[in-house]
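J.: Here you go, this is protein_26.pdb (PDB, C-alpha atoms, pLDDT in the B column).
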```
ATOM      1  CA  MET A   1      32.496  -2.679 -15.890  1.00 43.00           C
ATOM      2  CA  THR A   2      35.032  -0.488 -14.097  1.00 45.00           C
ATOM      3  CA  SER A   3      34.146   2.719 -12.315  1.00 47.00           C
ATOM      4  CA  LYS A   4      34.169   5.686 -14.726  1.00 50.00           C
ATOM      5  CA  SER A   5      32.236   8.892 -15.069  1.00 56.00           C
ATOM      6  CA  LEU A   6      29.196   8.530 -17.298  1.00 56.00           C
ATOM      7  CA  SER A   7      30.681  10.849 -19.907  1.00 58.00           C
ATOM      8  CA  GLN A   8      33.513   8.319 -20.380  1.00 62.00           C
ATOM      9  CA  CYS A   9      31.236   5.287 -20.678  1.00 69.00           C
ATOM     10  CA  ALA A  10      30.118   3.412 -23.722  1.00 80.00           C
ATOM     11  CA  PHE A  11      27.499   0.844 -22.798  1.00 81.00           C
ATOM     12  CA  GLU A  12      26.968  -2.472 -24.539  1.00 86.00           C
ATOM     13  CA  PRO A  13      23.372  -3.319 -25.573  1.00 88.00           C
ATOM     14  CA  HIS A  14      23.107  -6.018 -22.881  1.00 89.00           C
ATOM     15  CA  GLU A  15      24.186  -3.464 -20.261  1.00 88.00           C
ATOM     16  CA  VAL A  16      21.557  -0.989 -21.419  1.00 88.00           C
ATOM     17  CA  GLU A  17      18.906  -3.742 -21.229  1.00 91.00           C
ATOM     18  CA  LEU A  18      20.025  -4.732 -17.739  1.00 91.00           C
ATOM     19  CA  VAL A  19      19.786  -1.144 -16.469  1.00 91.00           C
ATOM     20  CA  ARG A  20      16.500  -0.553 -18.315  1.00 92.00           C
ATOM     21  CA  GLY A  21      15.018  -3.681 -16.713  1.00 92.00           C
ATOM     22  CA  VAL A  22      15.979  -2.504 -13.224  1.00 93.00           C
ATOM     23  CA  VAL A  23      14.618   0.991 -13.875  1.00 93.00           C
ATOM     24  CA  ASP A  24      11.367  -0.363 -15.361  1.00 92.00           C
ATOM     25  CA  ARG A  25      10.715  -2.763 -12.451  1.00 92.00           C
ATOM     26  CA  ILE A  26      11.305  -0.110  -9.820  1.00 91.00           C
ATOM     27  CA  THR A  27       9.459   2.733 -11.557  1.00 90.00           C
ATOM     28  CA  SER A  28       6.426   0.492 -12.145  1.00 87.00           C
ATOM     29  CA  GLN A  29       5.836   0.247  -8.392  1.00 83.00           C
ATOM     30  CA  PRO A  30       2.708   2.126  -7.281  1.00 76.00           C
ATOM     31  CA  TRP A  31       4.694   4.195  -4.762  1.00 75.00           C
ATOM     32  CA  PHE A  32       7.155   5.531  -7.339  1.00 84.00           C
ATOM     33  CA  THR A  33       6.666   9.166  -8.387  1.00 80.00           C
ATOM     34  CA  MET A  34       4.968   9.947 -11.702  1.00 82.00           C
ATOM     35  CA  GLU A  35       6.919  13.201 -12.170  1.00 83.00           C
ATOM     36  CA  PRO A  36       8.826  12.838 -15.493  1.00 86.00           C
ATOM     37  CA  ALA A  37      11.888  14.823 -14.353  1.00 87.00           C
ATOM     38  CA  ARG A  38      12.283  12.736 -11.211  1.00 85.00           C
ATOM     39  CA  ARG A  39      11.799   9.491 -13.157  1.00 87.00           C
ATOM     40  CA  SER A  40      14.556  10.576 -15.565  1.00 89.00           C
ATOM     41  CA  ALA A  41      16.812  11.518 -12.662  1.00 90.00           C
ATOM     42  CA  PHE A  42      16.260   8.085 -11.144  1.00 91.00           C
ATOM     43  CA  ALA A  43      17.127   6.337 -14.417  1.00 90.00           C
ATOM     44  CA  LEU A  44      20.367   8.320 -14.487  1.00 90.00           C
ATOM     45  CA  TYR A  45      21.027   7.345 -10.870  1.00 91.00           C
ATOM     46  CA  VAL A  46      20.660   3.630 -11.699  1.00 92.00           C
ATOM     47  CA  LEU A  47      22.986   4.043 -14.657  1.00 90.00           C
ATOM     48  CA  GLN A  48      25.550   5.763 -12.410  1.00 89.00           C
ATOM     49  CA  MET A  49      25.378   2.953  -9.852  1.00 90.00           C
ATOM     50  CA  TYR A  50      25.919   0.428 -12.651  1.00 91.00           C
ATOM     51  CA  SER A  51      28.868   2.385 -14.035  1.00 87.00           C
ATOM     52  CA  ARG A  52      30.431   2.429 -10.551  1.00 87.00           C
ATOM     53  CA  GLY A  53      30.637  -1.342 -10.592  1.00 88.00           C
ATOM     54  CA  MET A  54      27.291  -2.462  -9.210  1.00 87.00           C
ATOM     55  CA  SER A  55      26.711  -4.846 -12.103  1.00 86.00           C
ATOM     56  CA  VAL A  56      24.923  -7.798 -10.463  1.00 89.00           C
ATOM     57  CA  PRO A  57      21.272  -7.204 -11.426  1.00 88.00           C
ATOM     58  CA  GLU A  58      19.752  -8.342  -8.108  1.00 90.00           C
ATOM     59  CA  GLU A  59      22.161  -6.232  -6.049  1.00 90.00           C
ATOM     60  CA  LEU A  60      21.699  -3.217  -8.305  1.00 91.00           C
ATOM     61  CA  GLU A  61      17.916  -3.499  -8.074  1.00 91.00           C
ATOM     62  CA  SER A  62      17.927  -4.015  -4.312  1.00 90.00           C
ATOM     63  CA  PHE A  63      20.231  -1.045  -3.684  1.00 89.00           C
ATOM     64  CA  CYS A  64      18.380   1.235  -6.088  1.00 90.00           C
ATOM     65  CA  THR A  65      14.989   0.239  -4.645  1.00 90.00           C
ATOM     66  CA  ILE A  66      16.109   1.426  -1.208  1.00 88.00           C
ATOM     67  CA  ALA A  67      17.283   4.736  -2.682  1.00 86.00           C
ATOM     68  CA  ALA A  68      14.086   5.057  -4.727  1.00 87.00           C
ATOM     69  CA  LYS A  69      11.874   4.627  -1.675  1.00 83.00           C
ATOM     70  CA  LYS A  70      13.837   7.288   0.147  1.00 81.00           C
ATOM     71  CA  TYR A  71      14.253   9.874  -2.629  1.00 81.00           C
ATOM     72  CA  TYR A  72      11.804   9.071  -5.442  1.00 80.00           C
ATOM     73  CA  ALA A  73       8.632   7.901  -3.724  1.00 78.00           C
ATOM     74  CA  ALA A  74       5.507   9.820  -4.580  1.00 69.00           C
ATOM     75  CA  SER A  75       3.872  11.630  -1.744  1.00 61.00           C
ATOM     76  CA  LEU A  76       1.250   9.108  -0.793  1.00 55.00           C
ATOM     77  CA  PRO A  77      -2.193  10.084   0.376  1.00 59.00           C
ATOM     78  CA  GLY A  78      -1.902   9.961   4.125  1.00 66.00           C
ATOM     79  CA  LEU A  79      -4.067   8.472   6.772  1.00 71.00           C
ATOM     80  CA  GLU A  80      -2.415  10.356   9.623  1.00 72.00           C
ATOM     81  CA  GLY A  81      -4.421  10.358  12.797  1.00 73.00           C
ATOM     82  CA  ARG A  82      -6.957   7.792  11.605  1.00 76.00           C
ATOM     83  CA  ARG A  83      -7.623   4.713  13.711  1.00 79.00           C
ATOM     84  CA  ILE A  84      -8.263   1.778  11.410  1.00 81.00           C
ATOM     85  CA  LEU A  85      -9.410  -1.653  12.520  1.00 83.00           C
ATOM     86  CA  VAL A  86      -8.112  -4.467  10.305  1.00 86.00           C
ATOM     87  CA  VAL A  87     -10.151  -7.680  10.328  1.00 84.00           C
ATOM     88  CA  ASP A  88      -9.048 -10.603   8.156  1.00 84.00           C
ATOM     89  CA  ASP A  89      -8.764 -14.339   8.744  1.00 83.00           C
ATOM     90  CA  ASP A  90      -5.728 -14.543   6.420  1.00 84.00           C
ATOM     91  CA  TYR A  91      -2.710 -13.791   8.631  1.00 86.00           C
ATOM     92  CA  TYR A  92      -0.421 -12.697   5.790  1.00 87.00           C
ATOM     93  CA  ALA A  93      -3.022 -10.468   4.141  1.00 84.00           C
ATOM     94  CA  ALA A  94      -3.820  -8.899   7.522  1.00 84.00           C
ATOM     95  CA  GLN A  95      -0.149  -8.214   8.259  1.00 88.00           C
ATOM     96  CA  ALA A  96       0.433  -6.703   4.795  1.00 85.00           C
ATOM     97  CA  THR A  97      -2.643  -4.501   5.207  1.00 84.00           C
ATOM     98  CA  ALA A  98      -1.572  -3.358   8.678  1.00 86.00           C
ATOM     99  CA  GLU A  99       1.960  -2.558   7.463  1.00 84.00           C
ATOM    100  CA  GLU A 100       0.705  -0.538   4.487  1.00 81.00           C
ATOM    101  CA  LEU A 101      -1.742   1.424   6.615  1.00 82.00           C
ATOM    102  CA  SER A 102       0.940   2.113   9.242  1.00 81.00           C
ATOM    103  CA  ALA A 103       3.330   3.306   6.539  1.00 77.00           C
ATOM    104  CA  ARG A 104       0.682   5.852   5.550  1.00 74.00           C
ATOM    105  CA  GLY A 105       0.416   7.165   9.086  1.00 76.00           C
ATOM    106  CA  ALA A 106      -2.642   5.280  10.310  1.00 80.00           C
ATOM    107  CA  ASN A 107      -2.956   4.047  13.868  1.00 83.00           C
ATOM    108  CA  VAL A 108      -3.747   0.388  13.146  1.00 85.00           C
ATOM    109  CA  VAL A 109      -5.967  -1.492  15.559  1.00 82.00           C
ATOM    110  CA  GLY A 110      -5.420  -5.218  15.227  1.00 80.00           C
ATOM    111  CA  PRO A 111      -5.266  -6.981  12.980  1.00 87.00           C
ATOM    112  CA  VAL A 112      -7.765  -9.415  14.387  1.00 85.00           C
ATOM    113  CA  SER A 113      -8.885 -12.644  12.801  1.00 85.00           C
ATOM    114  CA  ASN A 114     -12.225 -13.427  14.399  1.00 80.00           C
ATOM    115  CA  LEU A 115     -15.619 -11.836  14.897  1.00 72.00           C
ATOM    116  CA  SER A 116     -15.478 -11.865  18.699  1.00 76.00           C
ATOM    117  CA  ASP A 117     -12.206  -9.912  18.854  1.00 79.00           C
ATOM    118  CA  ALA A 118     -13.427  -7.503  16.188  1.00 75.00           C
ATOM    119  CA  MET A 119     -16.627  -6.856  18.160  1.00 73.00           C
ATOM    120  CA  ASP A 120     -14.610  -6.364  21.358  1.00 71.00           C
ATOM    121  CA  ILE A 121     -12.403  -3.813  19.632  1.00 68.00           C
ATOM    122  CA  ALA A 122     -15.214  -2.116  17.713  1.00 62.00           C
ATOM    123  CA  GLY A 123     -17.035  -1.382  20.870  1.00 52.00           C
ATOM    124  CA  ARG A 124     -16.867  -5.067  21.676  1.00 45.00           C
ATOM    125  CA  LEU A 125     -13.546 -14.008  11.824  1.00 53.00           C
ATOM    126  CA  ASP A 126     -13.405 -17.942  12.117  1.00 46.00           C
ATOM    127  CA  GLY A 127     -14.910 -18.076   8.638  1.00 52.00           C
ATOM    128  CA  GLN A 128     -17.736 -15.625   9.491  1.00 56.00           C
ATOM    129  CA  MET A 129     -18.551 -12.453   7.648  1.00 66.00           C
ATOM    130  CA  VAL A 130     -17.814  -9.167   9.407  1.00 74.00           C
ATOM    131  CA  TYR A 131     -21.275  -7.708   8.847  1.00 80.00           C
ATOM    132  CA  PRO A 132     -22.108  -7.583  12.581  1.00 82.00           C
ATOM    133  CA  VAL A 133     -19.028  -5.386  13.108  1.00 81.00           C
ATOM    134  CA  ALA A 134     -19.992  -3.233  10.123  1.00 83.00           C
ATOM    135  CA  GLY A 135     -23.509  -2.910  11.515  1.00 86.00           C
ATOM    136  CA  PHE A 136     -22.170  -1.829  14.895  1.00 82.00           C
ATOM    137  CA  LEU A 137     -19.899   0.765  13.292  1.00 82.00           C
ATOM    138  CA  LYS A 138     -22.704   2.040  11.056  1.00 85.00           C
ATOM    139  CA  MET A 139     -25.104   2.367  14.005  1.00 86.00           C
ATOM    140  CA  HIS A 140     -22.536   4.447  15.876  1.00 82.00           C
ATOM    141  CA  GLY A 141     -21.676   6.674  12.899  1.00 83.00           C
ATOM    142  CA  ILE A 142     -18.101   5.365  12.657  1.00 80.00           C
ATOM    143  CA  PRO A 143     -16.836   5.404   9.057  1.00 80.00           C
ATOM    144  CA  PHE A 144     -15.587   2.110   7.620  1.00 81.00           C
ATOM    145  CA  ALA A 145     -14.802   0.473   4.307  1.00 83.00           C
ATOM    146  CA  PHE A 146     -14.761  -3.070   2.993  1.00 84.00           C
ATOM    147  CA  LEU A 147     -11.590  -4.504   1.448  1.00 82.00           C
ATOM    148  CA  THR A 148     -12.600  -7.805  -0.076  1.00 80.00           C
ATOM    149  CA  GLY A 149     -12.203 -10.343  -2.816  1.00 79.00           C
ATOM    150  CA  TYR A 150     -15.988 -10.525  -3.164  1.00 76.00           C
ATOM    151  CA  GLU A 151     -18.077  -8.592  -5.648  1.00 78.00           C
ATOM    152  CA  GLU A 152     -20.240  -5.720  -4.449  1.00 77.00           C
ATOM    153  CA  ARG A 153     -23.420  -7.651  -5.181  1.00 79.00           C
ATOM    154  CA  VAL A 154     -22.739 -10.086  -2.289  1.00 79.00           C
ATOM    155  CA  LEU A 155     -22.935  -7.262   0.263  1.00 82.00           C
ATOM    156  CA  PRO A 156     -26.225  -7.143   2.154  1.00 85.00           C
ATOM    157  CA  PRO A 157     -28.390  -4.236   0.949  1.00 87.00           C
ATOM    158  CA  ALA A 158     -27.727  -2.289   4.179  1.00 86.00           C
ATOM    159  CA  PHE A 159     -24.022  -2.038   3.289  1.00 86.00           C
ATOM    160  CA  ARG A 160     -24.137  -1.408  -0.458  1.00 84.00           C
ATOM    161  CA  SER A 161     -23.592   2.317   0.037  1.00 85.00           C
ATOM    162  CA  SER A 162     -20.443   1.643   2.095  1.00 85.00           C
ATOM    163  CA  PRO A 163     -17.056   2.086   0.404  1.00 85.00           C
ATOM    164  CA  LEU A 164     -15.850  -1.186  -1.122  1.00 85.00           C
ATOM    165  CA  PHE A 165     -12.343  -1.820  -2.431  1.00 85.00           C
ATOM    166  CA  ALA A 166     -11.167  -4.919  -4.261  1.00 84.00           C
ATOM    167  CA  LYS A 167      -8.236  -7.098  -3.284  1.00 82.00           C
ATOM    168  CA  PRO A 168      -5.418  -6.831  -4.102  1.00 80.00           C
ATOM    169  CA  ALA A 169      -5.458  -3.396  -2.579  1.00 78.00           C
ATOM    170  CA  ASN A 170      -4.513  -0.225  -4.443  1.00 80.00           C
ATOM    171  CA  TRP A 171      -3.555   1.781  -1.360  1.00 77.00           C
ATOM    172  CA  THR A 172      -3.230   5.064  -3.201  1.00 77.00           C
ATOM    173  CA  VAL A 173      -6.879   4.872  -4.252  1.00 79.00           C
ATOM    174  CA  ILE A 174      -8.042   3.596  -0.858  1.00 78.00           C
ATOM    175  CA  ALA A 175      -6.196   6.298   1.092  1.00 77.00           C
ATOM    176  CA  SER A 176      -7.627   9.028  -1.114  1.00 76.00           C
ATOM    177  CA  LYS A 177     -11.199   7.783  -0.622  1.00 76.00           C
ATOM    178  CA  MET A 178     -11.226   6.706   3.019  1.00 69.00           C
ATOM    179  CA  PRO A 179     -14.345   8.068   4.663  1.00 58.00           C
ATOM    180  CA  CYS A 180     -14.157  10.635   7.428  1.00 57.00           C
ATOM    181  CA  ARG A 181     -17.596  11.970   8.335  1.00 46.00           C
ATOM    182  CA  GLY A 182     -17.529  14.562  11.062  1.00 45.00           C
ATOM    183  CA  LYS A 183     -15.333  12.633  13.494  1.00 41.00           C
ATOM    184  CA  ARG A 184     -12.031  13.799  14.841  1.00 37.00           C
ATOM    185  CA  PRO A 185      -9.276  12.122  12.789  1.00 36.00           C
ATOM    186  CA  SER A 186      -8.218  10.019  15.771  1.00 35.00           C
ATOM    187  CA  GLU A 187     -11.721   8.578  16.029  1.00 35.00           C
ATOM    188  CA  SER A 188     -12.530   7.891  12.418  1.00 35.00           C
ATOM    189  CA  GLY A 189     -12.091   4.956  10.139  1.00 38.00           C
ATOM    190  CA  ALA A 190     -12.250   1.204  10.407  1.00 43.00           C
ATOM    191  CA  GLY A 191     -11.196  -1.145   7.659  1.00 46.00           C
ATOM    192  CA  LEU A 192     -13.203  -4.336   7.455  1.00 44.00           C
ATOM    193  CA  GLN A 193     -12.357  -7.330   5.378  1.00 43.00           C
ATOM    194  CA  PRO A 194     -15.110  -9.886   4.854  1.00 39.00           C
ATOM    195  CA  LEU A 195     -13.877 -13.373   4.195  1.00 32.00           C
TER     196      LEU A 195
END
```
Rewrite the structure from the file as C-alpha cells, please.
T.:
Amino acid sequence: MTSKSLSQCAFEPHEVELVRGVVDRITSQPWFTMEPARRSAFALYVLQMYSRGMSVPEELESFCTIAAKKYYAASLPGLEGRRILVVDDDYYAAQATAEELSARGANVVGPVSNLSDAMDIAGRLDGQMVYPVAGFLKMHGIPFAFLTGYEERVLPPAFRSSPLFAKPANWTVIASKMPCRGKRPSESGAGLQPL
C-alpha cells in the first residue's frame, strides 16, 4: 500500500484483518489502557501507520507496541519507594519479576536464589521453601507477600493470613494489594516466592 491520507484509502478485507490483529494483540496486553477513547485513538494510529507503508505485520506490531507503551499505557499501580526482596530459584522468573517490579518504581533487592542469601538480605533457595525468611519478616513486622505456583492450602498455618498471589503474576492486582503496614515506604515490602 502506498502512503495516502486515511480519507483517500480504501482497505481490502485482508488489510483490515491484518490491522485488526495487530490492534487486538497489543490492546489485550495488561498494561494497555482500558479507556475506550484512547483505545479507539490507538486503533486509528495503527491504521495510519499501515497506510503510510508499514505493511509487514511483525514490523507494524513491533513499532506500534513501542508507541503504545509510551502513549497508551494505563497508569499502573505504583510501588514507588517500596523495597521488595525477590526470592526464586528460577533465574528467568526471578529476572522477570525484578524487571516488572522495577518498572513500577520498586527498589528491588535481589533477586536471590537460595535461603542463605535471602536470610542475609532479610536481616540475614536450593530447593528449600522460603518460610524461614517469611517467619523472620513476620517477627519483625515487615510486610511481605507470596508469589507462588502452589495452592494456598500448602502454606503453613502461620502464613495463611499473608497475601498470596498465583503465578503467572498479574502485576496490576499485586501492586494494588501490596501490604504496607505502618512502615515508611522505603522500609516496607518483601516479595517471597516459595519453590
J.: Using all atoms listed in the file, give me every residue within 8 Å of (-6.6, -1.3, 12.7) in file coordinates, as an mmCIF file with C-alpha atoms, in the coordinates of the input.
T.:
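Written output follows (out-v1.cif):
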```
data_model
loop_
_atom_site.group_PDB
_atom_site.id
_atom_site.type_symbol
_atom_site.label_atom_id
_atom_site.label_comp_id
_atom_site.auth_asym_id
_atom_site.auth_seq_id
_atom_site.Cartn_x
_atom_site.Cartn_y
_atom_site.Cartn_z
ATOM 1 C CA ARG A 83 -7.623 4.713 13.711
ATOM 2 C CA ILE A 84 -8.263 1.778 11.410
ATOM 3 C CA LEU A 85 -9.410 -1.653 12.520
ATOM 4 C CA VAL A 86 -8.112 -4.467 10.305
ATOM 5 C CA VAL A 87 -10.151 -7.680 10.328
ATOM 6 C CA ALA A 98 -1.572 -3.358 8.678
ATOM 7 C CA ASN A 107 -2.956 4.047 13.868
ATOM 8 C CA VAL A 108 -3.747 0.388 13.146
ATOM 9 C CA VAL A 109 -5.967 -1.492 15.559
ATOM 10 C CA GLY A 110 -5.420 -5.218 15.227
ATOM 11 C CA PRO A 111 -5.266 -6.981 12.980
ATOM 12 C CA ALA A 190 -12.250 1.204 10.407
ATOM 13 C CA GLY A 191 -11.196 -1.145 7.659
#
```
J.: Measuring atom to atom with all atoms listed in the file, identify which of A:Met49, A:Gln29, A:Ala37, A:Asp89 is nearest to Ala73 in chain A.
T.: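 Residue with the minimum atom-to-atom distance to Ala73 in chain A: A:Gln29.
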J.: Kindly give the distance, in Å, that separates CA of Leu101 in chain A and CA of Ser162 in chain A, rounded to a single decimal.
T.: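 Pair CA of Leu101 in chain A / CA of Ser162 in chain A returns 19.2 Å.
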J.: Return the single residue from A:Leu18, A:Ile174, A:Leu79, A:Ala68 that is closest to Tyr50 in chain A, with distances computed using all atoms listed in the file.
T.: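 Of the candidates, the smallest distance to Tyr50 in chain A is held by A:Leu18.
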J.: Measuring atom to atom with only C-alpha atoms, identify which of A:Val16, A:Leu60, A:Glu99, A:Ile26 is nearest to Phe42 in chain A.
T.: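 So, comparing all the options, the nearest one is A:Ile26.
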J.: Kindly give the distance, in Å, that separates CA of Ala145 in chain A and CA of Trp31 in chain A, rounded to a single decimal.
T.: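 Separating CA of Ala145 in chain A from CA of Trp31 in chain A is a distance of 21.8 Å.
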J.: Leaving out Lys177 in chain A and any residue of its chain fewer than 4 positions from it, which residues lie within 9 Å of it when counting only C-alpha atoms, given as number ranges by chain?
T.: A: 163, 172-173
J.: Which residue gives the smallest distance to Asp117 in chain A among A:Ala41, A:Leu47, A:Ala103, A:Val133, with all atoms listed in the file counted?
T.: A:Val133
J.: Find, counting only C-alpha atoms, the residue in A:Phe63, A:Ala106, A:Glu152, A:Leu147 that gets nearest to Glu80 in chain A.
T.: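 Comparing A:Phe63, A:Ala106, A:Glu152, A:Leu147 against Glu80 in chain A, the winner is A:Ala106.
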J.: Please, what distance in Å, to one decimal, runs between CA of Pro132 in chain A and CA of Ala118 in chain A?
T.: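 Going from CA of Pro132 in chain A over to CA of Ala118 in chain A covers 9.4 Å.
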J.: Restricting the calculation to all atoms listed in the file: of A:Val56, A:Gly81, A:Ala43, A:Thr33, which residue gets closest to Ser102 in chain A?
T.: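 Closest candidate: A:Gly81.
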